[in-house]
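Source file: coords27.txt; contents: compact mmCIF, C-alpha atoms and all ligand atoms.
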# COMPACT_ATOMS: atom_id res chain seq x y z
CA MET H 26 -7.47 16.98 -14.45
CA LYS H 27 -9.80 19.89 -14.66
CA GLU H 28 -12.52 17.42 -15.59
CA LYS H 29 -11.75 15.22 -12.59
CA VAL H 30 -11.89 18.16 -10.21
CA ALA H 31 -15.22 19.26 -11.65
CA GLN H 32 -16.63 15.72 -11.33
CA LEU H 33 -15.39 15.42 -7.78
CA LYS H 34 -17.00 18.75 -6.87
CA GLU H 35 -20.33 17.68 -8.28
CA ALA H 36 -20.24 14.24 -6.67
CA ALA H 37 -19.17 15.79 -3.36
CA GLY H 38 -22.06 18.26 -3.44
CA ILE H 39 -24.51 15.40 -3.95
CA SER H 40 -23.15 13.03 -1.31
CA ILE H 41 -22.90 15.81 1.27
CA SER H 42 -26.48 16.87 0.67
CA GLN H 43 -27.62 13.28 1.06
CA ALA H 44 -25.81 12.58 4.35
CA GLU H 45 -28.27 11.46 6.99
CA SER H 46 -26.22 11.59 10.16
CA LEU H 47 -23.25 13.41 11.61
CA GLN H 48 -21.29 10.19 11.57
CA GLN H 49 -21.99 9.62 7.90
CA LEU H 50 -21.00 13.24 7.14
CA ASP H 51 -17.68 12.77 8.90
CA GLU H 52 -16.98 9.66 6.82
CA ILE H 53 -17.63 11.71 3.66
CA ARG H 54 -15.24 14.44 4.89
CA VAL H 55 -12.42 11.93 5.37
CA LYS H 56 -13.11 10.33 2.00
CA LEU H 57 -12.92 13.71 0.16
CA LEU H 58 -10.47 15.86 2.09
CA GLY H 59 -8.48 13.43 4.25
CA LYS H 60 -4.75 12.79 3.79
CA LYS H 61 -5.56 9.93 1.48
CA GLY H 62 -8.78 11.57 0.29
CA GLU H 63 -9.92 11.93 -3.31
CA LEU H 64 -9.03 15.63 -3.68
CA THR H 65 -5.55 15.00 -2.30
CA GLU H 66 -5.11 12.16 -4.79
CA ILE H 67 -6.14 14.41 -7.69
CA SER H 68 -3.75 17.16 -6.54
CA LYS H 69 -0.87 14.74 -6.95
CA GLY H 70 -1.41 15.10 -10.73
CA MET H 71 -0.14 18.73 -10.46
CA ARG H 72 3.41 17.43 -10.88
CA GLU H 73 2.72 16.61 -14.47
CA LEU H 74 1.44 20.08 -15.39
CA THR H 75 3.35 22.89 -17.07
CA PRO H 76 4.46 25.84 -14.93
CA GLU H 77 1.75 28.00 -16.55
CA GLU H 78 -1.04 25.52 -15.83
CA ARG H 79 -0.06 24.85 -12.23
CA PRO H 80 -1.29 28.09 -10.57
CA VAL H 81 -4.57 27.86 -12.46
CA MET H 82 -5.13 24.28 -11.33
CA GLY H 83 -3.87 25.11 -7.84
CA GLN H 84 -6.49 27.80 -7.54
CA LEU H 85 -9.20 25.44 -8.84
CA VAL H 86 -8.26 22.77 -6.32
CA ASN H 87 -8.29 25.34 -3.50
CA GLU H 88 -11.65 26.67 -4.52
CA THR H 89 -13.03 23.14 -4.64
CA ARG H 90 -11.60 22.37 -1.19
CA GLU H 91 -13.23 25.51 0.14
CA PHE H 92 -16.52 24.68 -1.55
CA ILE H 93 -16.52 21.21 -0.04
CA SER H 94 -15.55 22.52 3.42
CA LYS H 95 -18.38 25.04 3.35
CA ALA H 96 -20.87 22.42 2.20
CA LEU H 97 -19.71 20.10 4.99
CA GLU H 98 -20.01 22.86 7.57
CA GLN H 99 -23.48 23.81 6.46
CA LYS H 100 -24.66 20.22 6.43
CA ASN H 101 -23.08 19.69 9.81
CA SER H 102 -25.13 22.44 11.43
CA GLU H 103 -28.24 21.27 9.60
CA LEU H 104 -27.83 17.72 10.94
CA LYS H 105 -27.04 18.97 14.44
CA GLU H 106 -30.23 20.99 14.44
CA LYS H 107 -32.17 17.99 13.15
CA GLU H 108 -30.79 15.67 15.83
CA LYS H 109 -31.55 18.22 18.52
CA ASN H 110 -35.15 18.53 17.32
CA GLU H 111 -35.57 14.77 17.27
CA ARG H 112 -34.25 14.53 20.81
CA LEU H 113 -36.56 17.29 22.00
CA ALA H 114 -39.52 15.60 20.33
CA GLN H 115 -38.69 12.41 22.22
CA GLU H 116 -38.21 14.17 25.51
CA ILE H 117 -41.47 16.07 25.30
CA ILE H 118 -43.38 16.18 28.60
CA ASP H 119 -47.14 15.83 28.44
CA ILE H 120 -48.25 18.04 31.30
CA THR H 121 -51.83 16.85 30.91
CA LEU H 122 -50.90 13.29 32.01
CA PRO H 123 -52.05 12.43 35.54
CA GLY H 124 -49.25 12.67 38.12
CA LYS H 125 -47.73 9.75 39.96
CA LYS H 126 -49.54 9.25 43.25
CA ASN H 127 -47.59 9.01 46.46
CA VAL H 128 -49.44 6.13 48.07
CA LEU H 129 -49.18 6.29 51.82
CA GLY H 130 -49.93 3.33 54.06
CA THR H 131 -52.42 3.59 56.89
CA THR H 132 -52.05 2.68 60.52
CA HIS H 133 -53.41 -0.80 61.21
CA PRO H 134 -56.67 -0.50 63.22
CA ILE H 135 -55.15 -2.61 66.02
CA THR H 136 -52.12 -0.33 66.26
CA GLU H 137 -54.39 2.71 66.07
CA THR H 138 -56.61 1.39 68.88
CA MET H 139 -53.57 0.43 70.95
CA ASP H 140 -52.07 3.94 70.57
CA PHE H 141 -55.42 5.50 71.41
CA MET H 142 -55.71 3.41 74.60
CA LYS H 143 -52.09 3.98 75.57
CA ASN H 144 -52.61 7.74 75.40
CA ILE H 145 -55.62 7.56 77.71
CA PHE H 146 -53.58 5.71 80.35
CA ILE H 147 -50.46 7.82 79.83
CA GLU H 148 -52.58 10.88 80.64
CA MET H 149 -53.45 9.23 83.95
CA GLY H 150 -49.77 8.70 84.78
CA PHE H 151 -49.40 5.04 83.76
CA ASP H 152 -46.00 3.73 82.67
CA ILE H 153 -45.78 1.59 79.50
CA ALA H 154 -44.19 -1.80 80.16
CA ASP H 155 -43.07 -4.55 77.82
CA GLY H 156 -42.26 -8.24 78.09
CA PRO H 157 -41.29 -11.21 75.88
CA GLU H 158 -43.82 -13.10 73.76
CA VAL H 159 -41.92 -16.34 74.38
CA GLU H 160 -42.41 -16.70 78.12
CA LYS H 161 -41.51 -19.02 80.96
CA VAL H 162 -44.27 -21.29 82.29
CA ALA H 163 -43.14 -20.06 85.70
CA LEU H 164 -44.26 -16.52 84.83
CA ASN H 165 -47.15 -17.21 82.45
CA PHE H 166 -48.82 -19.57 84.96
CA ASP H 167 -47.03 -20.41 88.24
CA ALA H 168 -46.35 -16.89 89.55
CA LEU H 169 -49.93 -15.94 88.66
CA ASN H 170 -51.24 -18.56 91.07
CA ILE H 171 -52.69 -20.64 88.24
CA PRO H 172 -52.89 -24.25 89.52
CA GLU H 173 -51.04 -27.11 87.77
CA THR H 174 -54.39 -28.61 86.81
CA HIS H 175 -55.94 -25.45 85.36
CA PRO H 176 -57.45 -26.16 81.90
CA SER H 177 -55.80 -23.06 80.39
CA ARG H 178 -52.46 -24.92 80.71
CA ASP H 179 -53.62 -27.75 78.41
CA ILE H 180 -51.88 -28.15 75.06
CA THR H 181 -55.26 -27.44 73.47
CA ASP H 182 -55.18 -23.93 75.03
CA THR H 183 -51.47 -23.07 75.06
CA PHE H 184 -48.66 -23.22 72.49
CA TYR H 185 -45.76 -24.97 74.25
CA ILE H 186 -42.19 -24.42 73.02
CA ASN H 187 -41.06 -27.05 75.54
CA HIS H 188 -42.04 -28.16 79.05
CA ASP H 189 -40.95 -24.86 80.62
CA VAL H 190 -41.52 -22.33 77.85
CA VAL H 191 -44.69 -21.17 76.07
CA LEU H 192 -45.91 -18.47 73.73
CA ARG H 193 -47.51 -16.25 76.36
CA THR H 194 -51.26 -16.79 76.54
CA GLN H 195 -51.85 -13.46 78.28
CA THR H 196 -50.03 -10.21 79.04
CA SER H 197 -50.38 -10.94 82.79
CA PRO H 198 -46.80 -12.35 83.15
CA VAL H 199 -45.56 -8.82 82.44
CA GLN H 200 -47.16 -7.87 85.80
CA ILE H 201 -44.77 -10.30 87.48
CA ARG H 202 -41.74 -9.09 85.53
CA TYR H 203 -42.62 -5.47 86.31
CA MET H 204 -43.12 -6.12 90.04
CA GLN H 205 -39.81 -8.00 90.23
CA ASN H 206 -38.05 -4.89 88.93
CA HIS H 207 -40.00 -2.02 90.51
CA LYS H 208 -40.96 -0.90 93.99
CA PRO H 209 -44.50 0.34 94.66
CA PRO H 210 -46.14 2.75 94.26
CA PHE H 211 -46.50 2.50 90.49
CA ARG H 212 -49.09 2.21 87.78
CA MET H 213 -48.35 0.56 84.46
CA ILE H 214 -49.95 -0.82 81.33
CA CYS H 215 -48.55 -3.39 78.95
CA PRO H 216 -50.05 -3.73 75.47
CA GLY H 217 -48.85 -6.65 73.39
CA LYS H 218 -49.37 -9.85 71.41
CA VAL H 219 -50.61 -13.07 73.00
CA TYR H 220 -51.14 -16.56 71.55
CA ARG H 221 -53.71 -19.34 71.92
CA PRO H 222 -54.54 -22.27 69.60
CA ASP H 223 -57.97 -21.09 68.41
CA TYR H 224 -59.40 -20.02 65.08
CA ASP H 225 -62.97 -18.97 64.31
CA ILE H 226 -65.07 -15.81 63.82
CA SER H 227 -64.08 -14.48 67.24
CA HIS H 228 -60.68 -16.15 67.81
CA THR H 229 -57.32 -15.90 66.04
CA PRO H 230 -54.20 -17.76 67.24
CA MET H 231 -52.46 -14.41 67.81
CA PHE H 232 -54.30 -11.46 69.28
CA HIS H 233 -53.59 -8.46 71.47
CA GLN H 234 -54.21 -7.65 75.09
CA MET H 235 -53.57 -4.70 77.29
CA GLU H 236 -52.66 -5.44 80.85
CA GLY H 237 -52.84 -2.86 83.61
CA LEU H 238 -51.46 -2.91 87.13
CA MET H 239 -51.48 -0.37 89.93
CA VAL H 240 -49.84 -1.13 93.27
CA GLY H 241 -49.29 1.06 96.33
CA GLU H 242 -50.45 1.70 99.86
CA ASN H 243 -54.19 1.73 100.50
CA ILE H 244 -55.30 1.03 96.97
CA SER H 245 -58.92 0.00 97.30
CA PHE H 246 -61.58 -1.60 95.17
CA ALA H 247 -63.27 1.82 95.08
CA ASN H 248 -60.15 3.45 93.52
CA PHE H 249 -59.99 0.65 91.06
CA LYS H 250 -63.65 0.86 90.03
CA ALA H 251 -63.42 4.63 89.60
CA ILE H 252 -60.28 4.50 87.46
CA LEU H 253 -61.55 1.70 85.22
CA THR H 254 -65.03 3.23 84.78
CA ASN H 255 -63.42 6.53 83.89
CA SER H 256 -61.00 4.93 81.37
CA LEU H 257 -63.78 2.93 79.70
CA LYS H 258 -65.83 6.10 79.27
CA LYS H 259 -62.81 7.75 77.65
CA ILE H 260 -62.38 4.78 75.32
CA PHE H 261 -66.02 4.19 74.39
CA GLY H 262 -67.68 7.54 74.99
CA ASP H 263 -70.39 7.95 77.57
CA THR H 264 -71.38 4.32 78.03
CA GLU H 265 -72.89 2.39 80.93
CA VAL H 266 -70.33 0.16 82.70
CA ARG H 267 -71.08 -2.76 85.02
CA PHE H 268 -68.87 -5.00 87.17
CA ARG H 269 -69.84 -8.67 87.52
CA PRO H 270 -68.24 -10.93 90.12
CA HIS H 271 -65.92 -13.48 88.52
CA PHE H 272 -62.92 -15.63 89.35
CA PHE H 273 -59.27 -15.28 88.29
CA PRO H 274 -56.50 -17.18 90.13
CA PHE H 275 -54.34 -14.03 90.36
CA THR H 276 -56.94 -11.58 91.70
CA GLU H 277 -59.26 -11.63 94.71
CA PRO H 278 -61.93 -10.39 94.52
CA SER H 279 -62.20 -10.56 90.73
CA ALA H 280 -64.68 -9.12 88.29
CA GLU H 281 -65.55 -9.05 84.66
CA VAL H 282 -66.50 -5.67 83.27
CA ASP H 283 -69.21 -5.15 80.66
CA ILE H 284 -70.03 -2.03 78.70
CA GLN H 285 -73.40 -1.31 77.21
CA CYS H 286 -73.54 -2.70 73.66
CA ALA H 287 -72.54 0.11 71.30
CA VAL H 288 -74.47 -1.44 68.41
CA CYS H 289 -77.98 -1.63 69.97
CA LYS H 290 -77.44 0.74 72.91
CA GLY H 291 -78.52 -1.97 75.32
CA LYS H 292 -81.67 -3.12 73.53
CA GLY H 293 -80.21 -6.48 72.52
CA CYS H 294 -78.70 -7.54 69.18
CA ARG H 295 -76.41 -10.16 67.61
CA MET H 296 -73.24 -8.42 68.72
CA CYS H 297 -74.23 -8.68 72.41
CA LYS H 298 -76.13 -11.97 72.01
CA ASP H 299 -79.33 -10.13 73.00
CA SER H 300 -78.00 -9.25 76.45
CA GLY H 301 -77.47 -5.53 75.81
CA TRP H 302 -73.96 -5.83 77.34
CA VAL H 303 -70.54 -6.68 75.92
CA GLU H 304 -67.79 -8.11 78.11
CA ILE H 305 -64.71 -5.95 77.83
CA MET H 306 -62.20 -6.93 80.51
CA GLY H 307 -61.18 -9.09 83.42
CA CYS H 308 -59.89 -7.44 86.55
CA GLY H 309 -59.55 -7.63 90.29
CA MET H 310 -57.53 -6.82 93.39
CA VAL H 311 -54.11 -8.46 93.06
CA ASP H 312 -54.16 -11.72 95.06
CA PRO H 313 -51.93 -11.58 98.17
CA GLU H 314 -50.25 -14.80 96.94
CA VAL H 315 -49.08 -12.98 93.80
CA LEU H 316 -47.76 -10.04 95.85
CA LYS H 317 -45.87 -12.47 98.11
CA ALA H 318 -44.39 -14.32 95.12
CA VAL H 319 -42.63 -11.13 93.98
CA GLY H 320 -41.45 -10.26 97.50
CA TYR H 321 -44.03 -7.59 98.40
CA ASP H 322 -45.72 -7.57 101.80
CA PRO H 323 -49.51 -7.82 101.29
CA ASN H 324 -49.98 -6.10 104.67
CA GLU H 325 -48.20 -3.00 103.35
CA VAL H 326 -49.28 -2.73 99.73
CA SER H 327 -52.28 -3.67 97.67
CA GLY H 328 -53.17 -3.22 94.06
CA PHE H 329 -55.48 -3.89 91.22
CA ALA H 330 -54.97 -5.42 87.81
CA PHE H 331 -56.93 -5.65 84.62
CA GLY H 332 -56.59 -7.20 81.21
CA MET H 333 -58.54 -6.49 78.07
CA GLY H 334 -58.60 -7.67 74.49
CA ILE H 335 -57.58 -4.96 72.06
CA GLU H 336 -59.33 -6.55 69.07
CA ARG H 337 -62.61 -6.45 70.97
CA VAL H 338 -62.13 -2.73 71.64
CA ALA H 339 -61.22 -2.07 67.99
CA MET H 340 -64.27 -4.02 66.78
CA LEU H 341 -66.59 -2.01 68.99
CA ARG H 342 -65.00 1.32 68.08
CA HIS H 343 -65.12 0.67 64.33
CA GLY H 344 -68.20 -1.56 64.05
CA ILE H 345 -66.23 -4.57 62.71
CA ASN H 346 -67.96 -7.92 63.20
CA ASP H 347 -65.34 -10.48 62.11
CA LEU H 348 -62.12 -10.59 64.09
CA ARG H 349 -60.28 -12.37 61.31
CA ALA H 350 -60.48 -9.26 59.08
CA PHE H 351 -57.70 -7.69 61.17
CA PHE H 352 -55.19 -10.33 60.09
CA GLU H 353 -56.12 -11.09 56.49
CA ASN H 354 -54.33 -7.92 55.33
CA ASP H 355 -56.89 -7.05 52.67
CA VAL H 356 -55.85 -3.52 51.70
CA ARG H 357 -59.47 -2.60 50.95
CA PHE H 358 -60.25 -3.27 54.60
CA LEU H 359 -57.12 -1.66 56.02
CA LYS H 360 -57.43 1.49 53.88
CA GLN H 361 -60.63 2.46 55.67
CA PHE H 362 -58.73 3.41 58.80
CA LYS H 363 -56.37 6.32 59.25
N1 LIG H 401 -55.24 -12.55 81.85
C1 LIG H 401 -56.69 -12.62 81.76
C2 LIG H 401 -57.07 -13.32 80.45
O1 LIG H 401 -56.27 -13.41 79.58
C3 LIG H 401 -57.28 -11.24 81.78
C4 LIG H 401 -57.14 -10.64 83.11
C5 LIG H 401 -58.10 -10.83 84.09
C6 LIG H 401 -56.03 -9.86 83.42
C7 LIG H 401 -57.99 -10.26 85.33
C8 LIG H 401 -55.90 -9.30 84.67
C9 LIG H 401 -56.90 -9.50 85.62
O2 LIG H 401 -54.85 -8.55 85.03
O3 LIG H 401 -56.77 -8.91 86.84
O4 LIG H 401 -58.17 -13.77 80.35

I need this file expressed as structure tokens, please.
Amino acid sequence: MKEKVAQLKEAAGISISQAESLQQLDEIRVKLLGKKGELTEISKGMRELTPEERPVMGQLVNETREFISKALEQKNSELKEKEKNERLAQEIIDITLPGKKNVLGTTHPITETMDFMKNIFIEMGFDIADGPEVEKVALNFDALNIPETHPSRDITDTFYINHDVVLRTQTSPVQIRYMQNHKPPFRMICPGKVYRPDYDISHTPMFHQMEGLMVGENISFANFKAILTNSLKKIFGDTEVRFRPHFFPFTEPSAEVDIQCAVCKGKGCRMCKDSGWVEIMGCGMVDPEVLKAVGYDPNEVSGFAFGMGIERVAMLRHGINDLRAFFENDVRFLKQFK
């Protein structure tokens, strides 16, 4: 029996020292010291010993149990330390690695230009109005005094949803909606999307306009010219502005407004087709027929209206020469604007 205990002690020492994980060490503990463990099995042999031998063997067994327990304990802390170090090595943070960038988007140049223009008109006391992009023919054309036979009503110039409903081709119907719901005097602008079936270097099927309308007593062409000239100078810097007579069914008299070409400063270039001027908006005194259609008395109130293309303004402000770039969503293009 003494032999067996000695062998067990030696074997235990070896297997404990070779344990590679805490789990393995626990298995060894059960195998040696558990209820059905090897040392317990050997101790059962005590029954066969003489009374003199028993205490001696008892002491030997106890010493062995203690030896094994200590060895297990020591190995246990060794393995714990080792596992901790391995975990730390895995979790190591390399502070020299580049950080993760917080990539922020940029404001789309159309939105940026629209906000910029809105602020200029807000400063002058204009209200911001809104209207639907899917619009009634009655408001997109009829109420604006546009005749049944006008070419802009053709299916080649307008997206029809059905006979009575279109994708609005201009922001001008918002004038009608606004007048139906407000009493003069007022001044408003309406920026928004409009739709026409066109696609080339200077046309996209969706683009943006900003409509303006000011109605009240004694509003004259002189007021109108002053306000628009002033706004255009705020938008484009100190530029020359000229008014050319034109025709729109919903204004009388009507004009188109040009600004001096920002690219060549009036000398003539590709942007302005060698004229030195770039057309920037349509405008005019609101036609009495339009005022009547919304229930105003043209003898009491008058007003002026204007409409301009926002893409055109953005192109001139940022020196962009292809309209389509705005809608291709190439991040390299969009990133250049704040
Ligand atoms: N709606 C016109 C267009 O899309 C632009 C325009 C011209 C608007 C004259 C107006 C205006 O309010 O008075 O071509």

Would you write out, as CSV, a table of all residues in chain H that have an atom no more than 7 Å from an atom of ligand LIG 401 (chain H), listing for each the closest atom pair and the distance in Å to one decimal, considering all atoms listed in the file and ordering rows by chain and rising residue number?
residue,atom,partner,partner_atom,distance
H:Thr194,CA,H:LIG401,O1,6.8
H:Gln195,CA,H:LIG401,O1,4.6
H:Thr196,CA,H:LIG401,N1,6.4
H:Ser197,CA,H:LIG401,N1,5.2
H:Glu236,CA,H:LIG401,O2,5.7
H:Gly237,CA,H:LIG401,O2,6.2
H:Leu238,CA,H:LIG401,O2,6.9
H:Phe273,CA,H:LIG401,C7,6.0
H:Phe275,CA,H:LIG401,O3,6.7
H:Thr276,CA,H:LIG401,O3,5.5
H:Ser279,CA,H:LIG401,C7,6.9
H:Met306,CA,H:LIG401,C3,6.7
H:Gly307,CA,H:LIG401,C5,3.6
H:Cys308,CA,H:LIG401,O3,3.5
H:Gly309,CA,H:LIG401,O3,4.6
H:Met310,CA,H:LIG401,O3,6.9
H:Val311,CA,H:LIG401,O3,6.8
H:Phe329,CA,H:LIG401,O3,6.8
H:Ala330,CA,H:LIG401,O3,4.0
H:Phe331,CA,H:LIG401,O2,3.6
H:Gly332,CA,H:LIG401,C6,3.5
H:Met333,CA,H:LIG401,C3,6.2

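The space between CA of Thr136 (chain H) and CA of Phe166 (chain H) spans 27.0 Å.
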
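Distance annotation: of H:Asn248, H:Thr89, H:Ser94, H:Ser300, the residue with the minimal separation from Leu33 (chain H) is H:Thr89; atom set is only C-alpha atoms.
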
Pick the closest to Lys363 (chain H) from H:Lys126, H:His343, H:Arg202, H:His175: which is it, counting all atoms listed in the file? H:His343

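We find CA of Val86 (chain H) and CA of Asn101 (chain H) to be spaced 22.1 Å apart.
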
Between CA of Gly301 (chain H) and CA of Lys218 (chain H) lies a distance of 28.8 Å

Spatial neighbours of Arg337 (chain H), max dist 9 Å, only C-alpha atoms, sep filter under 3 positions, as number ranges by chain: H: 227, 304-305, 333-334, 340-342, 348

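When only C-alpha atoms are used to compute distances to Glu108 (chain H), the closest of the residues H:Leu47, H:Ile171, H:Val319, H:Met296 turns out to be H:Leu47.
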
At most 12 Å is the cut-off: for each residue in region 174-268 of chain H with any atom that close to an atom of region 142-158 of chain H, write down the nearest atom pair and the distance in Å rounded to one decimal, counting all atoms listed in the file, chain first then increasing number, as a tab-separated table.
residue	atom	partner	partner_atom	distance
H:Phe184	CA	H:Glu158	CA	11.3
H:Ile186	CA	H:Glu158	CA	11.5
H:Val190	CA	H:Glu158	CA	10.4
H:Val191	CA	H:Glu158	CA	8.4
H:Leu192	CA	H:Glu158	CA	5.8
H:Arg193	CA	H:Glu158	CA	5.5
H:Thr194	CA	H:Glu158	CA	8.8
H:Gln195	CA	H:Glu158	CA	9.2
H:Thr196	CA	H:Gly156	CA	8.1
H:Ser197	CA	H:Gly156	CA	9.8
H:Pro198	CA	H:Gly156	CA	7.9
H:Val199	CA	H:Gly156	CA	5.5
H:Gln200	CA	H:Ala154	CA	8.8
H:Ile201	CA	H:Gly156	CA	9.9
H:Arg202	CA	H:Gly156	CA	7.5
H:Tyr203	CA	H:Ala154	CA	7.3
H:Met204	CA	H:Ala154	CA	10.8
H:Asn206	CA	H:Ala154	CA	11.1
H:His207	CA	H:Ala154	CA	11.2
H:Pro210	CA	H:Phe151	CA	11.2
H:Phe211	CA	H:Phe151	CA	7.8
H:Arg212	CA	H:Phe151	CA	4.9
H:Met213	CA	H:Asp152	CA	4.3
H:Ile214	CA	H:Ile153	CA	5.2
H:Cys215	CA	H:Ala154	CA	4.8
H:Pro216	CA	H:Asp155	CA	7.4
H:Gly217	CA	H:Asp155	CA	7.6
H:Lys218	CA	H:Glu158	CA	6.8
H:Val219	CA	H:Glu158	CA	6.8
H:Tyr220	CA	H:Glu158	CA	8.4
H:Arg221	CA	H:Glu158	CA	11.8
H:Met231	CA	H:Glu158	CA	10.6
H:Phe232	CA	H:Glu158	CA	11.5
H:His233	CA	H:Glu158	CA	11.1
H:Gln234	CA	H:Met142	CA	11.2
H:Met235	CA	H:Met142	CA	8.8
H:Glu236	CA	H:Ala154	CA	9.2
H:Gly237	CA	H:Phe151	CA	8.6
H:Leu238	CA	H:Phe151	CA	8.9
H:Met239	CA	H:Phe151	CA	8.5
H:Val240	CA	H:Phe151	CA	11.3
H:Ile252	CA	H:Met149	CA	9.0
H:Leu253	CA	H:Phe146	CA	10.2
H:Asn255	CA	H:Ile145	CA	10.0
H:Ser256	CA	H:Ile145	CA	7.0
H:Leu257	CA	H:Met142	CA	9.6
H:Lys258	CA	H:Ile145	CA	10.4
H:Lys259	CA	H:Ile145	CA	7.2
H:Ile260	CA	H:Met142	CA	6.8
H:Phe261	CA	H:Met142	CA	10.3

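With only C-alpha atoms as the atoms that count, the residue of H:Pro123, H:Gln32, H:Gln285, H:Lys250 with the shortest distance to Cys297 (chain H) is H:Gln285.
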
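Counting only C-alpha atoms, the residue from H:Asn170, H:Gln115, H:Arg90, H:Gly344 that sits nearest to Val288 (chain H) is H:Gly344.
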
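Closest to Ile67 (chain H) among H:Val30, H:Leu169, H:Arg79, H:Ile41 is H:Val30, based on only C-alpha atoms.
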
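Taking all atoms listed in the file into account, those protein, DNA and RNA residues with any atom at most 7 Å away from (-70.1, -9.6, 83.3) amount to Phe268, Arg269, Glu281, Val282, Asp283 and Glu304 of chain H.
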